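See structure below.
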Amino acid sequence: MRWSNTFIPTLKEDPQEAEAISHKLMVRAGLVRRLAAGAYTYLPLGYKILKKAENIVREEMNKAGAIELLMPALQPVDLWKKTGRYDDIGDVMIKYKDRHGREVALGPTHEEIITDLVSREVRSYKDLPLTLYQIQTKFRDEVRPRFGIVRSCEFIMKDAYSFDVDAEAMEKSYKKMYDAYCRIFERCGIPYVPVEADPGMMGGTVSHEFMVPSDIGEDRIASCLACGYAASTEVAAVKGVVSEDKTGAEGGSAPEEVSTPGASTVEDVSRFLKVTPADIIKTLIYVADDETVAVLIRGDHEANETKLKNSLKARVFELADEKKVEEITGAAMGFSGPVGLSVKIIADHSVRGMVNAVTGANEKDKHLSNVTPGKDFDVTEWIDARVITADDVCPKCGGSITIKNAIEIGHTFKLGTKYSEVLGAGFLDKSGKQRPAIMGCYGIGVNRILASLIETSNDKNGIIWPVSLSPYEVVVIPLKKDDEGLVNEAEGIYKALKDNGVDVLIDDREKTAGVKFKDADLIGFPVQAVIGKKSLDQGKIEVNDRISGEKELVDADRAVDYIRDRIEGMRKG
RNA sequence: CGGGGCGUAGCGCAGUUUGGCAGCGCGCCACGUUCGGGACGUGGAGGUCCUGGGUUCAAAUCCCAGCGCCCCGACCA
C-alpha cells in the first residue's frame, strides 16, 4: 500500500479526550476516532489491525475444531425470559419495540441464541461434540464506558459455544479452547495470565479469565510467585488468617457506648477514637434476594460480594439502601453494628480473632467499644467473606502473593446444563435416553487485544507492534522525493517486498524525513526500511528495528532478501 | 446515579477572575528556499466561543437551564 493512497490521520499531540496510554496512542496513530462515549470508528489502519487479530483468533479456533457461523445481533427477548437472564442482565441489554410491538434486543452475548439453534438441529449423540463460534459485534449499554475501546458499548467479540454428551467430554472441549486461547494470546505477543474466576451471571461452576496485567485494568488478580496460582480477587480464597479464635473471650469489660459525632466511615471512626481500622468491625447490611443480612468485616478489609453472593446462593445480592438500613438497625448508614440486630449475621473468619472491638451502636453518632463476638452478639455463620489482600498468603501453597490490576481479554466458562435444559438442547444417547447437552462458552474481546497489546508494548515514541498484529510488517521510507535514483530504489524495494509476500507500506508522502520517522515510530511498524542519500551513495540502505531500536546498514542489492527473511523469522516468533 | 474536571478554528490551548475588535502554536492552501529525526520565509483560508434563555449600551466572559466528553466512585459479562 502507498501511504498517499490510504488514510492515516496521525496527531502530533495527545488528544484531550484520552487518559490511558493505549487510548492516546490509538487516536494519535490514526487507528480510531471517537463518535460518542463508548462508540469508535476504526480507521483503515485500526481496522486492518483488528482484522489481523480476528484472523489469528479464527485460525486458532478452526485448528481447535471449532466451526464458524454468524448469528443475528437482533434477538427476540423471549429466549432471554426463558433462561431468566432477561432480569439478570437488566439495562445492560439494549432493547426496543419493533413496529409490531415486539420487544427486540441487540445481542450482548449469544448463549440463548446458540442453544436455541442447537435445540432445533441436534438430535443424537452422534452429532456431538460440537463447538460453534462467531466473530461479531456485541452491544452493551455500559454504565460507564472507559479508556477508549477497553470498555465500549459496541465491540467485537469472538464467542464460542461447546456442546458435549457428558462432563468428561466437556472437559476435553474446554481444554481445547483453553489451549487455543493460550496460543492466540501468545501469537499476539500479549503477556497474559489465565486465572480462576467467578462465572457471574453466565452460570456454571468453573471459569477462567485471561488477564493482561495493566494499571488501567478494571479487574484485580492475585498471583503466587512460588506455585503459580493465579485467581481473580473476586474468588481468591483467604486462608489461615486467624491465629487464635477469640470468640466469646471474656477479657474485656462490657460494651460501652461512645459518642462519635459525624464519624460514619471506618476511617473517621478510627481517627476519632484513636484506634486502628483493624480494631473496628464494620457492619454492612445487604439484601440477598428477599432476605436482609448483616455482614461483618474487619475494618481494614473489603467485603467480597462475589463470595457472599455465592455462599448465600442468592440471585440478587446488593447493599441495602439507606431506608432499609434505618429500618433494620434503627440508625442512619454508617452507625450499624451487630449488637442487638435481629437479622442473620454473616461474619468473615478474621472477625473471630477480634476482641474488644469497636462497632456501630445502631444509633446516630454513636459507636460501641469493647465488643467481642460470641460474648456480645452471636454470629449465624462464619465464612470467607472478604477480598484477599497482599498481606494474605497463597491459598494453595501458603507462599506470598501479589495483587495487580488487569484487563480481561478472554473468559471461558463451564456452563453445565443451565441453558441446554431450559431451552431443550438435548440428544438421544446410545441407550435411547434423552439427555441435555453439557455446555461451555468462550469469549474473547477482539478489540481488547489491540488495547492491551498497546498498553503493554509502547515507548515514548509510540506503539511497538509485534509482526503478527502490525498493520504493515514493513514501512519503506524514501527520505527525498526529488532524487530520482533514490525514489526508484525505494519503489523497487517496495515492489519486490510486496511480490515476496511481505505486507509493506511505502511512505511516498511529500514530507520531510523527521515527519516520516516520527509517524513510523508512532504507529510502530516492526521494521523500517530507510532509503537515504548518504547510505545509498555507499550502496546501502538502513533497516531499523522498532522493537530492539537497532539500526543496521544493509547492501541495497540484497536488502529485499534480508528484510523478507527477517519478517519470515519474526512471523515464526 | 454521586463527586471532580473540561467544552473557544481540523488538533492542542490562552483569553473568562475584573464584560469592550476572536487570539497563540501546530496543521491546512499558494509560492520560493530546504531535504537523515515533527525545516524556513512570505502571503492566505478557516469561528454557532457546546446549546437555549436571561442581565447589559455591549457577553467567550456575569446569571439560569440543558447537552456532550473525560476521570474517580458505584455497577459490570
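Residue numbers start at 1 in each chain; chains themselves are named A, B, ... in the order of the C-alpha cells; ligands are numbered from 1 in the order shown.
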Nearby residues (only C-alpha atoms (C1' of nucleotides)) at most 8 Å from stretch 176-181 of chain A, same-chain spacing under 5 positions excluded, as a list in words |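 The residues that qualify are Glu60, Met61, Ala64, Gly410, Thr412 and Tyr442 of chain A.
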Please, could you write that set of residues out with N, CA and C atoms as a tab-separated table (two decimals), in the first residue's frame?
chain	number	residue	atom	x	y	z
A	60	GLU	N	-6.91	-20.11	15.01
A	60	GLU	CA	-6.73	-20.99	16.17
A	60	GLU	C	-8.04	-21.68	16.55
A	61	MET	N	-9.14	-21.00	16.35
A	61	MET	CA	-10.44	-21.63	16.60
A	61	MET	C	-10.63	-22.81	15.64
A	64	ALA	N	-8.60	-25.72	16.46
A	64	ALA	CA	-9.08	-26.43	17.65
A	64	ALA	C	-10.39	-27.17	17.36
A	410	GLY	N	-10.16	-12.38	27.77
A	410	GLY	CA	-10.89	-13.59	27.41
A	410	GLY	C	-11.48	-14.21	28.66
A	412	THR	N	-13.45	-18.02	29.81
A	412	THR	CA	-14.02	-19.31	29.42
A	412	THR	C	-14.85	-19.86	30.59
A	442	TYR	N	-17.08	-19.49	25.55
A	442	TYR	CA	-15.71	-18.97	25.49
A	442	TYR	C	-15.68	-17.65	24.74
Could you list, as JSON, numbers by chain, every residue of chain A that has an atom within 7 Å of an atom of chain B, counting only C-alpha atoms (C1' of nucleotides)?
-> {"A": [13, 17, 143, 480, 512, 513, 514, 515, 517, 518, 532]}
Store the residues picked out above, limited to N, CA and C atoms, as a compact mmCIF listing (two decimals), in the first residue's frame.
# COMPACT_ATOMS: atom_id res chain seq x y z
N GLU A 13 -0.08 15.73 18.91
CA GLU A 13 -0.30 15.89 20.35
C GLU A 13 -1.33 14.90 20.89
N GLU A 17 -9.33 13.98 24.84
CA GLU A 17 -10.31 13.01 25.31
C GLU A 17 -9.69 11.81 26.03
N VAL A 143 -22.62 0.99 31.98
CA VAL A 143 -22.82 2.07 32.94
C VAL A 143 -21.79 3.16 32.69
N LYS A 480 14.00 11.37 0.39
CA LYS A 480 13.86 12.53 -0.50
C LYS A 480 12.87 12.17 -1.59
N THR A 512 8.98 15.79 5.13
CA THR A 512 10.41 15.73 5.43
C THR A 512 10.73 14.46 6.23
N ALA A 513 12.02 14.15 6.30
CA ALA A 513 12.47 12.92 6.93
C ALA A 513 11.94 12.79 8.36
N GLY A 514 12.05 13.88 9.11
CA GLY A 514 11.63 13.84 10.51
C GLY A 514 10.19 13.41 10.67
N VAL A 515 9.33 13.95 9.86
CA VAL A 515 7.91 13.62 9.94
C VAL A 515 7.69 12.12 9.69
N PHE A 517 9.85 9.65 10.00
CA PHE A 517 10.39 8.85 11.11
C PHE A 517 9.45 8.86 12.31
N LYS A 518 8.98 10.05 12.64
CA LYS A 518 8.09 10.18 13.81
C LYS A 518 6.82 9.36 13.63
N GLY A 532 18.05 6.54 2.18
CA GLY A 532 18.54 7.92 2.24
C GLY A 532 19.76 8.08 1.36
Quick one: distance from atom CA of A:Met170 to atom CA of A:Ile438 in Å, one decimal?
->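 Separating atom CA of A:Met170 from atom CA of A:Ile438 is a distance of 6.4 Å.
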Kindly give the distance, in Å, that separates atom CA of A:Pro436 and atom CA of A:Leu69, rounded to a single decimal.
->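 So the answer is 22.2 Å.
Separating atom CA of A:Asp503 from atom CA of A:Tyr472 is a distance of 5.3 Å.
Residues in contact range of A:Glu510, defined as at most 12 Å between only C-alpha atoms (C1' of nucleotides), with sequence neighbours fewer than 6 positions away removed, read Trp3, Ser4, Ile477, Pro478, Leu479, Lys480, Lys481, Asp482, Val487 and Lys516 of chain A; C35 of chain B.
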Selected residues, C-alpha atoms (C1' of nucleotides), written as an mmCIF file, in the first residue's frame, please.
data_model
loop_
_atom_site.group_PDB
_atom_site.id
_atom_site.type_symbol
_atom_site.label_atom_id
_atom_site.label_comp_id
_atom_site.auth_asym_id
_atom_site.auth_seq_id
_atom_site.Cartn_x
_atom_site.Cartn_y
_atom_site.Cartn_z
ATOM 1 C CA TRP A 3 0.774 5.980 2.161
ATOM 2 C CA SER A 4 -0.593 8.621 -0.184
ATOM 3 C CA ILE A 477 10.794 5.308 3.809
ATOM 4 C CA PRO A 478 12.377 7.214 0.939
ATOM 5 C CA LEU A 479 13.877 10.300 2.560
ATOM 6 C CA LYS A 480 13.856 12.529 -0.500
ATOM 7 C CA LYS A 481 11.129 12.892 -3.061
ATOM 8 C CA ASP A 482 13.039 14.687 -5.830
ATOM 9 C CA VAL A 487 12.944 7.160 -5.247
ATOM 10 C CA LYS A 516 8.198 10.197 8.328
ATOM 11 C "C1'" C B 35 15.504 17.749 2.450
#
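Within stretch 462-514 of chain A, the backbone-based DSSP assignment of strand (DSSP E or B) covers Gly462, Ile463, Val474, Val475, Val476, Ile477, Pro478, Val504, Leu505 and Ile506 of chain A.
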Please provide as an NGL selection string all residues within 12 Å of B:A65, with the sequence filter that same-chain residues fewer than 2 positions apart are discarded (counting only C-alpha atoms (C1' of nucleotides)).
-> :B and (51-54 or 63 or 67)
File dump, residues just selected, C-alpha atoms (C1' of nucleotides), as a PDB file, in the first residue's frame:
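What follows is the written file part38.pdb:
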ATOM      1  C1'   U B  51     -26.956  24.753  23.067  1.00  0.00           C
ATOM      2  C1'   G B  52     -31.137  27.713  24.779  1.00  0.00           C
ATOM      3  C1'   G B  53     -32.766  31.612  27.728  1.00  0.00           C
ATOM      4  C1'   G B  54     -31.677  35.967  30.855  1.00  0.00           C
ATOM      5  C1'   C B  63     -26.822  34.601  35.876  1.00  0.00           C
ATOM      6  C1'   C B  67     -26.413  18.849  26.341  1.00  0.00           C
TER       7        C B  67
END
Close residues, A:Val504 itself excluded, 12 Å, only C-alpha atoms (C1' of nucleotides), min 2 positions apart in chain, as a ChimeraX atom specification = /A:1-3,467,470-477,490-491,493-502,506-507,525-529,560,563-564,567
Can those selected residues be exported to a file as a tab-separated table (two decimals), in the first residue's frame so that it contains C-alpha atoms?
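Once written, result-v7.tsv looks like this:
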chain	number	residue	atom	x	y	z
A	1	MET	CA	0.00	0.00	0.00
A	2	ARG	CA	1.08	3.54	-0.72
A	3	TRP	CA	0.77	5.98	2.16
A	467	VAL	CA	4.75	-8.53	13.41
A	470	SER	CA	1.24	-4.77	12.94
A	471	PRO	CA	-0.90	-3.01	10.34
A	472	TYR	CA	2.01	-3.41	7.93
A	473	GLU	CA	5.05	-5.57	8.50
A	474	VAL	CA	7.46	-3.12	6.91
A	475	VAL	CA	7.38	0.56	6.11
A	476	VAL	CA	9.65	1.73	3.30
A	477	ILE	CA	10.79	5.31	3.81
A	490	ALA	CA	12.71	2.74	-2.71
A	491	GLU	CA	9.96	1.89	-5.19
A	493	ILE	CA	12.34	-2.44	-2.79
A	494	TYR	CA	8.66	-1.77	-2.07
A	495	LYS	CA	7.51	-3.70	-5.11
A	496	ALA	CA	9.92	-6.58	-4.54
A	497	LEU	CA	8.86	-6.96	-0.92
A	498	LYS	CA	5.24	-6.98	-1.98
A	499	ASP	CA	5.98	-9.64	-4.59
A	500	ASN	CA	7.69	-11.64	-1.86
A	501	GLY	CA	4.52	-11.70	0.21
A	502	VAL	CA	5.55	-9.07	2.71
A	506	ILE	CA	5.70	2.89	1.31
A	507	ASP	CA	5.75	6.39	2.75
A	525	PHE	CA	5.78	-0.88	12.35
A	526	PRO	CA	8.30	-3.52	13.46
A	527	VAL	CA	10.68	-2.86	10.57
A	528	GLN	CA	11.52	0.43	8.85
A	529	ALA	CA	13.48	0.31	5.60
A	560	VAL	CA	14.85	-7.32	-0.15
A	563	ILE	CA	14.07	-7.93	5.05
A	564	ARG	CA	11.92	-10.77	3.79
A	567	ILE	CA	9.98	-10.82	8.57
Can you pull out every residue within 8 Å of A:Thr283, counting only C-alpha atoms (C1' of nucleotides), but drop anything in the same chain fewer than 2 positions away, and send it as a JSON list (two decimals) with N, CA and C atoms, in the first residue's frame?
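Result file is out.json:
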[["chain", "number", "residue", "atom", "x", "y", "z"],
["A", 281, "ILE", "N", -15.06, -3.41, 63.69],
["A", 281, "ILE", "CA", -15.85, -4.37, 62.91],
["A", 281, "ILE", "C", -16.85, -3.56, 62.10],
["A", 285, "ILE", "N", -25.07, -3.92, 55.66],
["A", 285, "ILE", "CA", -26.40, -4.51, 55.51],
["A", 285, "ILE", "C", -26.65, -4.79, 54.03],
["A", 294, "ALA", "N", -26.82, -9.08, 57.75],
["A", 294, "ALA", "CA", -25.74, -8.19, 58.16],
["A", 294, "ALA", "C", -24.43, -8.93, 57.92],
["A", 295, "VAL", "N", -23.46, -8.24, 57.34],
["A", 295, "VAL", "CA", -22.18, -8.85, 57.04],
["A", 295, "VAL", "C", -21.11, -8.12, 57.84],
["A", 296, "LEU", "N", -20.32, -8.88, 58.60],
["A", 296, "LEU", "CA", -19.29, -8.27, 59.44],
["A", 296, "LEU", "C", -17.90, -8.49, 58.84],
["A", 297, "ILE", "N", -17.19, -7.41, 58.68],
["A", 297, "ILE", "CA", -15.86, -7.45, 58.08],
["A", 297, "ILE", "C", -14.94, -6.61, 58.94],
["A", 336, "SER", "N", -24.14, 1.24, 61.86],
["A", 336, "SER", "CA", -24.69, -0.10, 62.07],
["A", 336, "SER", "C", -23.72, -0.94, 62.90],
["A", 337, "GLY", "N", -24.28, -1.80, 63.71],
["A", 337, "GLY", "CA", -23.46, -2.72, 64.48],
["A", 337, "GLY", "C", -24.23, -4.00, 64.72],
["A", 338, "PRO", "N", -23.56, -5.10, 65.05],
["A", 338, "PRO", "CA", -24.21, -6.40, 65.19],
["A", 338, "PRO", "C", -24.96, -6.56, 66.51],
["A", 359, "THR", "N", -17.70, -1.22, 67.22],
["A", 359, "THR", "CA", -18.75, -1.41, 66.21],
["A", 359, "THR", "C", -19.71, -0.24, 66.27],
["A", 360, "GLY", "N", -20.58, -0.17, 65.26],
["A", 360, "GLY", "CA", -21.63, 0.83, 65.31],
["A", 360, "GLY", "C", -22.60, 0.49, 66.44]]
Residues within 12 Å of B:G73, only C-alpha atoms (C1' of nucleotides), excluding chain neighbours under 4 positions, as number ranges by chain | A: 144; B: 1-4
Could you give me, as a PyMOL selection string, each residue of stretch 328-407 of chain A that DSSP assigns to helix (DSSP H, G or I) when run on this structure's backbone?
-> chain A and resi 328-329+349-353
